[in-house]
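Colleague: My file is start-v3.tsv. It has TSV, C-alpha atoms:
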chain	number	residue	atom	x	y	z
V	1	MET	CA	200.90	108.86	73.94
V	2	GLN	CA	201.27	109.80	77.57
V	3	THR	CA	198.15	111.16	79.28
V	4	ALA	CA	198.36	114.82	80.26
V	5	ARG	CA	198.46	115.42	84.00
V	6	TRP	CA	196.88	118.55	85.45
V	7	ARG	CA	196.76	119.61	89.10
V	8	LEU	CA	194.05	122.12	90.01
V	9	ILE	CA	194.88	124.24	93.06
V	10	LEU	CA	191.58	125.63	94.32
V	11	ASN	CA	190.93	128.46	96.75
V	12	GLY	CA	188.89	126.92	99.57
V	13	LYS	CA	186.28	129.69	99.34
V	14	ALA	CA	185.21	128.33	95.93
V	15	ALA	CA	185.31	124.63	96.82
V	16	GLY	CA	181.56	124.15	96.41
V	17	ASP	CA	181.23	125.64	92.92
V	18	ASP	CA	179.05	123.39	90.76
V	19	ALA	CA	180.27	124.80	87.44
V	20	LEU	CA	183.88	124.06	88.35
V	21	ARG	CA	182.96	120.55	89.46
V	22	ALA	CA	181.27	119.95	86.11
V	23	ALA	CA	184.28	121.35	84.23
V	24	VAL	CA	186.65	119.02	86.09
V	25	ALA	CA	184.43	116.04	85.22
V	26	HIS	CA	184.27	117.17	81.58
V	27	TRP	CA	188.04	117.20	81.11
V	28	ARG	CA	188.52	113.98	83.01
V	29	GLU	CA	186.12	112.31	80.58
V	30	ARG	CA	188.33	113.52	77.75
V	31	GLY	CA	191.33	111.68	79.09
V	32	ILE	CA	193.03	114.33	81.22
V	33	THR	CA	194.40	113.12	84.55
V	34	LEU	CA	193.09	115.98	86.66
V	35	GLU	CA	193.51	116.06	90.43
V	36	VAL	CA	192.26	118.78	92.78
V	37	ARG	CA	193.95	120.25	95.83
V	38	VAL	CA	192.33	122.89	98.07
V	39	THR	CA	194.09	125.76	99.82
V	40	TRP	CA	192.87	126.53	103.31
V	41	GLU	CA	195.70	128.36	105.07
V	42	ALA	CA	199.06	129.98	104.43
V	43	GLY	CA	201.60	127.63	102.87
V	44	ASP	CA	199.09	125.29	101.23
V	45	ALA	CA	199.75	126.53	97.68
V	46	GLU	CA	203.50	126.17	98.14
V	47	ARG	CA	203.08	122.60	99.37
V	48	HIS	CA	200.68	121.64	96.57
V	49	VAL	CA	203.02	123.07	93.92
V	50	SER	CA	206.04	121.23	95.33
V	51	GLU	CA	204.13	117.95	95.39
V	52	ALA	CA	202.91	118.45	91.83
V	53	ILE	CA	206.43	119.07	90.54
V	54	ALA	CA	207.76	116.02	92.38
V	55	GLU	CA	205.01	113.91	90.81
V	56	GLY	CA	205.67	115.12	87.27
V	57	VAL	CA	202.49	117.15	86.73
V	58	ASP	CA	202.39	118.90	83.34
V	59	THR	CA	200.08	121.82	84.10
V	60	LEU	CA	199.08	123.63	87.28
V	61	VAL	CA	195.68	125.32	87.27
V	62	ALA	CA	195.12	128.16	89.75
V	63	ALA	CA	191.37	128.32	90.49
V	64	GLY	CA	190.58	131.50	92.37
V	65	GLY	CA	191.23	135.22	92.18
V	66	ASP	CA	194.35	137.30	91.70
V	67	GLY	CA	195.63	136.22	95.11
V	68	THR	CA	195.43	132.53	94.24
V	69	LEU	CA	197.14	133.16	90.91
V	70	SER	CA	199.92	135.03	92.69
V	71	GLU	CA	200.34	132.30	95.34
V	72	VAL	CA	200.78	129.59	92.70
V	73	ALA	CA	203.00	131.79	90.53
V	74	THR	CA	205.15	132.66	93.56
V	75	ALA	CA	205.54	129.00	94.48
V	76	LEU	CA	206.83	128.35	90.95
V	77	ALA	CA	208.89	131.51	90.56
V	78	HIS	CA	211.26	131.14	93.50
V	79	ARG	CA	212.32	127.63	92.51
V	80	GLU	CA	215.72	126.98	90.92
V	81	GLU	CA	214.33	125.38	87.76
V	82	THR	CA	214.04	127.38	84.55
V	83	ALA	CA	210.61	128.16	83.14
V	84	ASP	CA	210.91	125.36	80.57
V	85	ALA	CA	211.53	122.81	83.34
V	86	LEU	CA	208.49	123.87	85.40
V	87	PRO	CA	204.84	122.92	84.85
V	88	THR	CA	202.85	125.31	82.73
V	89	LEU	CA	200.25	127.51	84.41
V	90	ALA	CA	196.56	128.03	83.67
V	91	LEU	CA	193.94	130.14	85.44
V	92	VAL	CA	190.27	129.60	86.24
V	93	PRO	CA	188.93	132.98	87.47
V	94	MET	CA	186.86	132.45	90.63
V	95	GLY	CA	187.74	135.47	92.77
V	96	THR	CA	185.92	138.68	93.61
V	97	ALA	CA	187.39	140.87	90.89
V	98	ASN	CA	189.57	138.58	88.72
V	99	ASP	CA	191.55	141.56	87.46
V	100	PHE	CA	194.31	139.61	85.70
V	101	ALA	CA	191.82	137.29	84.02
V	102	ALA	CA	189.65	140.21	82.87
V	103	ALA	CA	192.59	142.06	81.34
V	104	ALA	CA	193.94	138.88	79.73
V	105	GLY	CA	190.60	137.88	78.21
V	106	ILE	CA	190.40	134.56	80.05
V	107	PRO	CA	186.83	133.21	79.84
V	108	PRO	CA	184.83	133.51	83.08
V	109	GLU	CA	183.24	130.06	82.71
V	110	PRO	CA	185.34	127.32	84.37
V	111	GLY	CA	184.95	124.88	81.48
V	112	ASP	CA	186.11	127.38	78.89
V	113	ALA	CA	188.97	128.61	81.08
V	114	LEU	CA	190.18	125.05	81.63
V	115	GLY	CA	189.92	124.50	77.90
V	116	LEU	CA	192.78	126.96	77.32
V	117	ALA	CA	195.16	124.49	78.95
V	118	ALA	CA	194.17	121.89	76.37
V	119	ALA	CA	193.80	124.10	73.30
V	120	GLU	CA	196.47	126.78	73.61
V	121	PRO	CA	200.25	126.27	73.93
V	122	ALA	CA	201.80	127.95	76.96
V	123	VAL	CA	203.67	131.19	76.30
V	124	PRO	CA	206.38	132.82	78.45
V	125	ILE	CA	205.18	135.61	80.74
V	126	ASP	CA	207.06	138.00	83.00
V	127	LEU	CA	206.69	138.34	86.75
V	128	LEU	CA	207.47	141.19	89.14
V	129	ARG	CA	210.09	140.47	91.81
V	130	ILE	CA	209.79	142.74	94.85
V	131	GLU	CA	212.63	143.08	97.35
V	132	THR	CA	212.15	144.70	100.77
V	133	GLY	CA	215.37	144.29	102.74
V	134	ASP	CA	215.93	140.57	103.22
V	135	GLU	CA	212.44	139.59	101.99
V	136	VAL	CA	211.53	138.71	98.41
V	137	HIS	CA	207.97	138.71	97.08
V	138	TRP	CA	206.52	137.99	93.64
V	139	CYS	CA	203.62	139.55	91.80
V	140	ALA	CA	201.86	138.22	88.71
V	141	ASN	CA	199.45	141.08	88.09
V	142	LEU	CA	199.98	144.49	89.64
V	143	ALA	CA	201.57	146.15	92.67
V	144	SER	CA	199.56	149.15	93.81
V	145	GLY	CA	199.95	151.83	96.43
V	146	GLY	CA	198.02	154.80	97.79
V	147	PHE	CA	194.28	155.10	97.32
V	148	GLY	CA	193.79	151.86	95.38
V	149	THR	CA	195.62	149.85	98.02
V	150	GLU	CA	193.53	151.33	100.82
V	151	VAL	CA	190.34	150.48	98.95
V	152	THR	CA	191.44	146.88	98.35
V	153	VAL	CA	192.60	146.31	101.94
V	154	GLU	CA	189.58	147.97	103.56
V	155	THR	CA	186.85	146.33	101.46
V	156	ASP	CA	184.82	144.03	103.71
V	157	GLU	CA	184.82	140.31	102.89
V	158	GLY	CA	181.08	140.09	103.47
V	159	LEU	CA	180.47	142.99	101.11
V	160	LYS	CA	182.57	141.27	98.44
V	161	LYS	CA	180.44	138.12	98.76
V	162	VAL	CA	177.26	140.13	98.24
V	163	LEU	CA	178.39	142.66	95.62
V	164	GLY	CA	181.41	141.04	93.99
V	165	GLY	CA	183.67	143.58	92.27
V	166	LEU	CA	181.19	146.40	92.98
V	167	ALA	CA	182.27	146.20	96.63
V	168	TYR	CA	185.52	147.95	95.72
V	169	LEU	CA	183.58	150.76	94.07
V	170	VAL	CA	181.36	151.25	97.13
V	171	THR	CA	184.37	151.30	99.46
V	172	GLY	CA	186.26	153.68	97.17
V	173	ILE	CA	183.41	156.20	97.02
V	174	ALA	CA	183.13	156.08	100.82
V	175	ARG	CA	186.82	156.96	101.09
V	176	LEU	CA	186.84	159.89	98.67
V	177	GLY	CA	186.82	162.48	101.42
V	178	ARG	CA	189.67	160.81	103.33
V	179	ILE	CA	192.44	160.62	100.74
V	180	GLU	CA	195.85	161.18	102.28
V	181	PRO	CA	198.78	161.58	99.86
V	182	ILE	CA	202.00	159.59	100.22
V	183	VAL	CA	205.40	161.25	99.95
V	184	ALA	CA	207.97	159.11	98.13
V	185	GLU	CA	210.76	159.02	95.60
V	186	LEU	CA	210.97	156.66	92.63
V	187	ARG	CA	213.93	156.06	90.35
V	188	GLY	CA	214.84	153.73	87.53
V	189	PRO	CA	216.98	153.75	84.38
V	190	ASP	CA	216.84	157.36	83.06
V	191	PHE	CA	213.85	158.03	85.32
V	192	ALA	CA	213.40	159.94	88.57
V	193	TRP	CA	210.29	161.26	90.30
V	194	GLY	CA	209.64	162.66	93.78
V	195	GLY	CA	206.67	164.18	95.54
V	196	GLU	CA	203.20	163.33	96.80
V	197	PHE	CA	201.03	160.71	95.12
V	198	ILE	CA	197.52	159.45	95.77
V	199	ALA	CA	197.75	156.33	93.61
V	200	LEU	CA	200.56	154.18	92.26
V	201	GLY	CA	200.52	151.23	89.89
V	202	ILE	CA	203.47	149.02	88.97
V	203	GLY	CA	202.08	146.61	86.44
V	204	ASN	CA	202.71	143.35	84.72
V	205	GLY	CA	198.93	143.27	84.30
V	206	ARG	CA	196.72	146.29	83.76
V	207	GLN	CA	194.18	146.59	86.55
V	208	ALA	CA	193.53	145.92	90.24
V	209	GLY	CA	190.89	146.53	92.89
V	210	GLY	CA	187.94	145.45	90.78
V	211	GLY	CA	188.78	147.14	87.51
V	212	GLN	CA	190.97	150.13	88.39
V	213	ALA	CA	193.05	150.28	85.20
V	214	LEU	CA	196.17	151.89	86.66
V	215	CYS	CA	198.48	150.50	83.95
V	216	PRO	CA	196.24	150.42	80.87
V	217	ASP	CA	199.05	149.69	78.40
V	218	ALA	CA	200.94	147.01	80.33
V	219	VAL	CA	201.80	143.73	78.64
V	220	ALA	CA	203.02	140.60	80.37
V	221	ASN	CA	205.78	139.48	78.00
V	222	ASP	CA	207.84	142.55	77.10
V	223	GLY	CA	210.46	142.34	79.88
V	224	GLN	CA	209.31	145.72	81.23
V	225	LEU	CA	207.13	146.87	84.09
V	226	ASP	CA	204.63	149.66	83.52
V	227	LEU	CA	204.68	152.46	86.10
V	228	THR	CA	201.83	154.89	86.70
V	229	ILE	CA	201.98	157.66	89.31
V	230	VAL	CA	198.90	159.74	90.09
V	231	PRO	CA	200.17	162.84	91.92
V	232	THR	CA	198.32	165.08	94.32
V	233	LEU	CA	196.52	167.88	92.48
V	234	ASN	CA	195.02	170.57	94.68
V	235	GLY	CA	191.33	171.01	94.00
V	236	GLU	CA	191.13	168.02	91.66
V	237	VAL	CA	191.88	165.05	93.88
V	238	GLY	CA	188.35	164.00	94.77
V	239	ALA	CA	186.96	164.71	91.31
V	240	THR	CA	189.73	162.87	89.51
V	241	VAL	CA	189.71	159.79	91.73
V	242	GLY	CA	185.92	159.78	91.66
V	243	THR	CA	185.96	159.75	87.87
V	244	LEU	CA	188.53	156.95	87.80
V	245	LEU	CA	186.45	154.85	90.19
V	246	THR	CA	183.00	155.44	88.79
V	247	GLN	CA	183.77	155.65	85.06
V	248	GLY	CA	187.26	154.23	84.66
V	249	LYS	CA	187.94	156.68	81.82
V	250	ARG	CA	191.40	156.46	80.37
V	251	GLU	CA	191.31	160.18	79.67
V	252	ALA	CA	191.04	160.99	83.36
V	253	LEU	CA	194.17	158.99	84.09
V	254	GLU	CA	196.12	160.37	81.14
V	255	ARG	CA	195.27	163.92	82.15
V	256	ILE	CA	197.19	163.84	85.42
V	257	ALA	CA	199.38	160.74	85.62
V	258	THR	CA	203.09	160.16	85.04
V	259	HIS	CA	203.89	157.00	83.06
V	260	ALA	CA	207.09	155.07	82.47
V	261	ARG	CA	208.10	151.65	81.15
V	262	LEU	CA	211.18	150.30	82.94
V	263	PRO	CA	213.04	147.04	83.64
V	264	TRP	CA	213.17	147.98	87.33
V	265	VAL	CA	212.20	150.75	89.73
V	266	GLU	CA	213.11	151.61	93.32
V	267	LEU	CA	210.64	153.28	95.68
V	268	SER	CA	211.81	155.01	98.86
V	269	ALA	CA	209.89	156.88	101.57
V	270	ALA	CA	210.71	158.43	104.92
V	271	GLU	CA	207.80	156.59	106.54
V	272	PRO	CA	206.74	152.98	105.86
V	273	ILE	CA	204.18	152.64	103.08
V	274	THR	CA	202.06	149.69	101.95
V	275	LEU	CA	202.08	148.12	98.51
V	276	ASN	CA	199.38	145.65	97.63
V	277	LEU	CA	200.85	142.73	95.68
V	278	ASP	CA	197.88	140.92	94.14
V	279	GLY	CA	196.04	141.08	97.45
V	280	GLU	CA	199.05	140.71	99.74
V	281	PRO	CA	199.83	143.95	101.62
V	282	VAL	CA	203.57	144.46	102.16
V	283	ARG	CA	204.85	147.36	104.25
V	284	SER	CA	208.33	148.89	104.01
V	285	ARG	CA	210.25	152.15	103.51
V	286	HIS	CA	212.14	150.81	100.51
V	287	PHE	CA	211.05	148.59	97.62
V	288	ARG	CA	212.99	147.40	94.59
V	289	ILE	CA	210.67	146.02	91.91
V	290	THR	CA	212.25	144.16	89.00
V	291	CYS	CA	210.57	142.68	85.94
V	292	VAL	CA	211.84	139.10	85.47
V	293	PRO	CA	211.29	138.22	81.78
V	294	GLY	CA	209.69	134.90	80.85
V	295	ARG	CA	209.75	133.47	84.37
V	296	LEU	CA	206.69	131.26	83.78
V	297	ARG	CA	204.80	129.70	80.89
V	298	MET	CA	201.06	130.32	80.89
V	299	HIS	CA	198.07	129.21	78.80
V	300	LEU	CA	196.35	132.37	77.54
V	301	PRO	CA	193.86	133.18	74.76
V	302	PRO	CA	195.44	133.54	71.29
V	303	ASP	CA	194.23	137.15	71.10
V	304	CYS	CA	195.22	137.98	74.68
V	305	PRO	CA	195.61	141.78	75.09
V	306	LEU	CA	198.42	141.27	77.60
V	307	LEU	CA	200.71	139.62	75.04
V	308	HIS	CA	203.04	141.78	72.97
V	309	GLY	CA	203.39	140.68	69.37
Represent the supplied structure as structure tokens.
Modeller:
Amino acid sequence: MQTARWRLILNGKAAGDDALRAAVAHWRERGITLEVRVTWEAGDAERHVSEAIAEGVDTLVAAGGDGTLSEVATALAHREETADALPTLALVPMGTANDFAAAAGIPPEPGDALGLAAAEPAVPIDLLRIETGDEVHWCANLASGGFGTEVTVETDEGLKKVLGGLAYLVTGIARLGRIEPIVAELRGPDFAWGGEFIALGIGNGRQAGGGQALCPDAVANDGQLDLTIVPTLNGEVGATVGTLLTQGKREALERIATHARLPWVELSAAEPITLNLDGEPVRSRHFRITCVPGRLRMHLPPDCPLLHG
């Protein structure tokens, strides 16, 4: 029987983690050929993925946060091979918020997270494909705009190191008095919306920005993206966003938001706006976001909430 080959692609910020080092040693002792590559600058994940495919690696393990997951997923997604011909994907959550991992039920301990690659068969998952003119981006978790994006982009790196996911909450509360709505139009199959919004979520996953559950019903294998629009409500903006940030109550979101489940959606605005794609801010006046069904195969818990059926 051929030995399984894994390639762990590690965010350089987590390179000194003792628990991850022990987990790597554990699975090597059990016969897995497990090699580690570290990302340090732009383009490293793409290079590591290409090398792994050329060398016949069976499973790629993204070790980091939502950004690292998205970098590895992007490097796989834009290749010509079908999902069945590509390495499977696993995730070890080591970022600040780990929003995709939290929603998917992936264990926080590196050893347990790595164990999913050995114990659970990979299942097809969807990805979001985002077109802005001639550029194409991919998103594994959630594309967000408005207030949530500003919080994510403005949160200080030093604060994240000290407070972890709570850093997003602190930054969000500090911004409550400075919320500026965005004017845009969105359309999709049998769907049209126009006006001012303060928060937007286009989800394959459910949450972003340290637990902001903008798309609480999204699943990652239904061939649909989940859309949530939080419009401007005079007199309720600060209170509503404050409730969402501090309590995360589903009722607060349901009370004011517009929801849709679509195979694609187009967003247009008179002025350039920023969408945050798993930590990557992309600015444009026009976005076309398409759900690409089953683009990758991923090792997830058997009771994963993000899997339909």
Colleague: List the spatial neighbours of stretch 280-293 of chain V as JSON, numbers by chain - criterion: any atom at most 10 Å away, only C-alpha atoms, same-chain residues fewer than 2 positions off excluded.
Modeller: {"V": [66, 67, 70, 71, 77, 124, 125, 126, 127, 128, 129, 130, 131, 132, 133, 136, 137, 138, 139, 143, 144, 145, 149, 150, 152, 153, 184, 185, 186, 187, 188, 202, 203, 204, 220, 221, 222, 223, 224, 225, 226, 262, 263, 264, 265, 266, 267, 268, 269, 270, 271, 272, 273, 274, 275, 276, 277, 278, 295, 296]}
Colleague: Choose the residue, out of V:Leu214, V:Leu76, V:Val183, V:Ala257, that has the smallest atom-to-atom separation from V:Met298; count all atoms listed in the file.
Modeller: V:Leu76
Colleague: Given the choices V:Val49, V:Leu34, V:Leu89, V:Ala62, which gets closest to V:Ala14 if the distance is worked out from all atoms listed in the file?
Modeller: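 For V:Ala14, the nearest of the candidates is V:Ala62.
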Colleague: Have a look at atom CA of V:Ile198 and atom CA of V:Ala97 and let me know their distance in Å, one decimal.
Modeller: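 Those two atoms sit 21.7 Å apart.
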Colleague: Might you pull out every residue within 9 Å of V:Gly95, with all atoms listed in the file counted and same-chain residues fewer than 6 positions away left off, and present them as a ChimeraX atom specification?
Modeller: /V:11,13-14,63-68,164
Colleague: Keeping only C-alpha atoms, take the residues you just selected and write them out as an mmCIF file, in the frame of the given file.
Modeller:
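To be explicit, this is the file written out as part-v2.cif:
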data_model
loop_
_atom_site.group_PDB
_atom_site.id
_atom_site.type_symbol
_atom_site.label_atom_id
_atom_site.label_comp_id
_atom_site.auth_asym_id
_atom_site.auth_seq_id
_atom_site.Cartn_x
_atom_site.Cartn_y
_atom_site.Cartn_z
ATOM 1 C CA ASN V 11 190.930 128.460 96.750
ATOM 2 C CA LYS V 13 186.280 129.690 99.340
ATOM 3 C CA ALA V 14 185.210 128.330 95.930
ATOM 4 C CA ALA V 63 191.370 128.320 90.490
ATOM 5 C CA GLY V 64 190.580 131.500 92.370
ATOM 6 C CA GLY V 65 191.230 135.220 92.180
ATOM 7 C CA ASP V 66 194.350 137.300 91.700
ATOM 8 C CA GLY V 67 195.630 136.220 95.110
ATOM 9 C CA THR V 68 195.430 132.530 94.240
ATOM 10 C CA GLY V 164 181.410 141.040 93.990
#
Colleague: Mind giving me the straight-line distance from atom CA of V:Asp112 to atom CA of V:Ala15 in Å, one decimal?
Modeller: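 These atoms are spaced 18.2 Å apart.
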Colleague: For atom CA of V:Pro305 and atom CA of V:Ala75, quote the distance in Å rounded to one decimal.
Modeller: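 Result for atom CA of V:Pro305 versus atom CA of V:Ala75: 25.3 Å, one decimal.
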Colleague: What are the centre and the three edge lengths of an axis-aligned box that wraps all atoms of stretch 265-277 of chain V in the file, given that 8 Å is added to every side, written as lines of an AutoDock Vina configuration file and rounded to one decimal in Å?
Modeller:
center_x = 206.2
center_y = 150.6
center_z = 98.1
size_x = 29.7
size_y = 31.7
size_z = 32.8
Colleague: Between V:Glu46, V:Glu180, V:Asp58, V:Asp99, which one has atoms that come closest to V:Gly209, using all atoms listed in the file?
Modeller: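 Ranking V:Glu46, V:Glu180, V:Asp58, V:Asp99 by distance to V:Gly209, first place goes to V:Asp99.
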Colleague: Using all atoms listed in the file, which of V:Ala208, V:Ala45, V:Ile256, V:Leu60 sits nearest V:Ala101?
Modeller: V:Ala208
Colleague: Go through V:Trp27, V:Phe100, V:Phe197, V:Trp40 and flag the residue nearest V:Thr232, using all atoms listed in the file for the distances.
Modeller: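 That would be V:Phe197, the residue with the smallest distance to V:Thr232.
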Colleague: Hey, which of V:Pro301, V:Gly205, V:Gly210, V:Gly31 ends up closest to V:Asn98? Count only C-alpha atoms.
Modeller: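 Smallest distance to V:Asn98 is found for V:Gly210.
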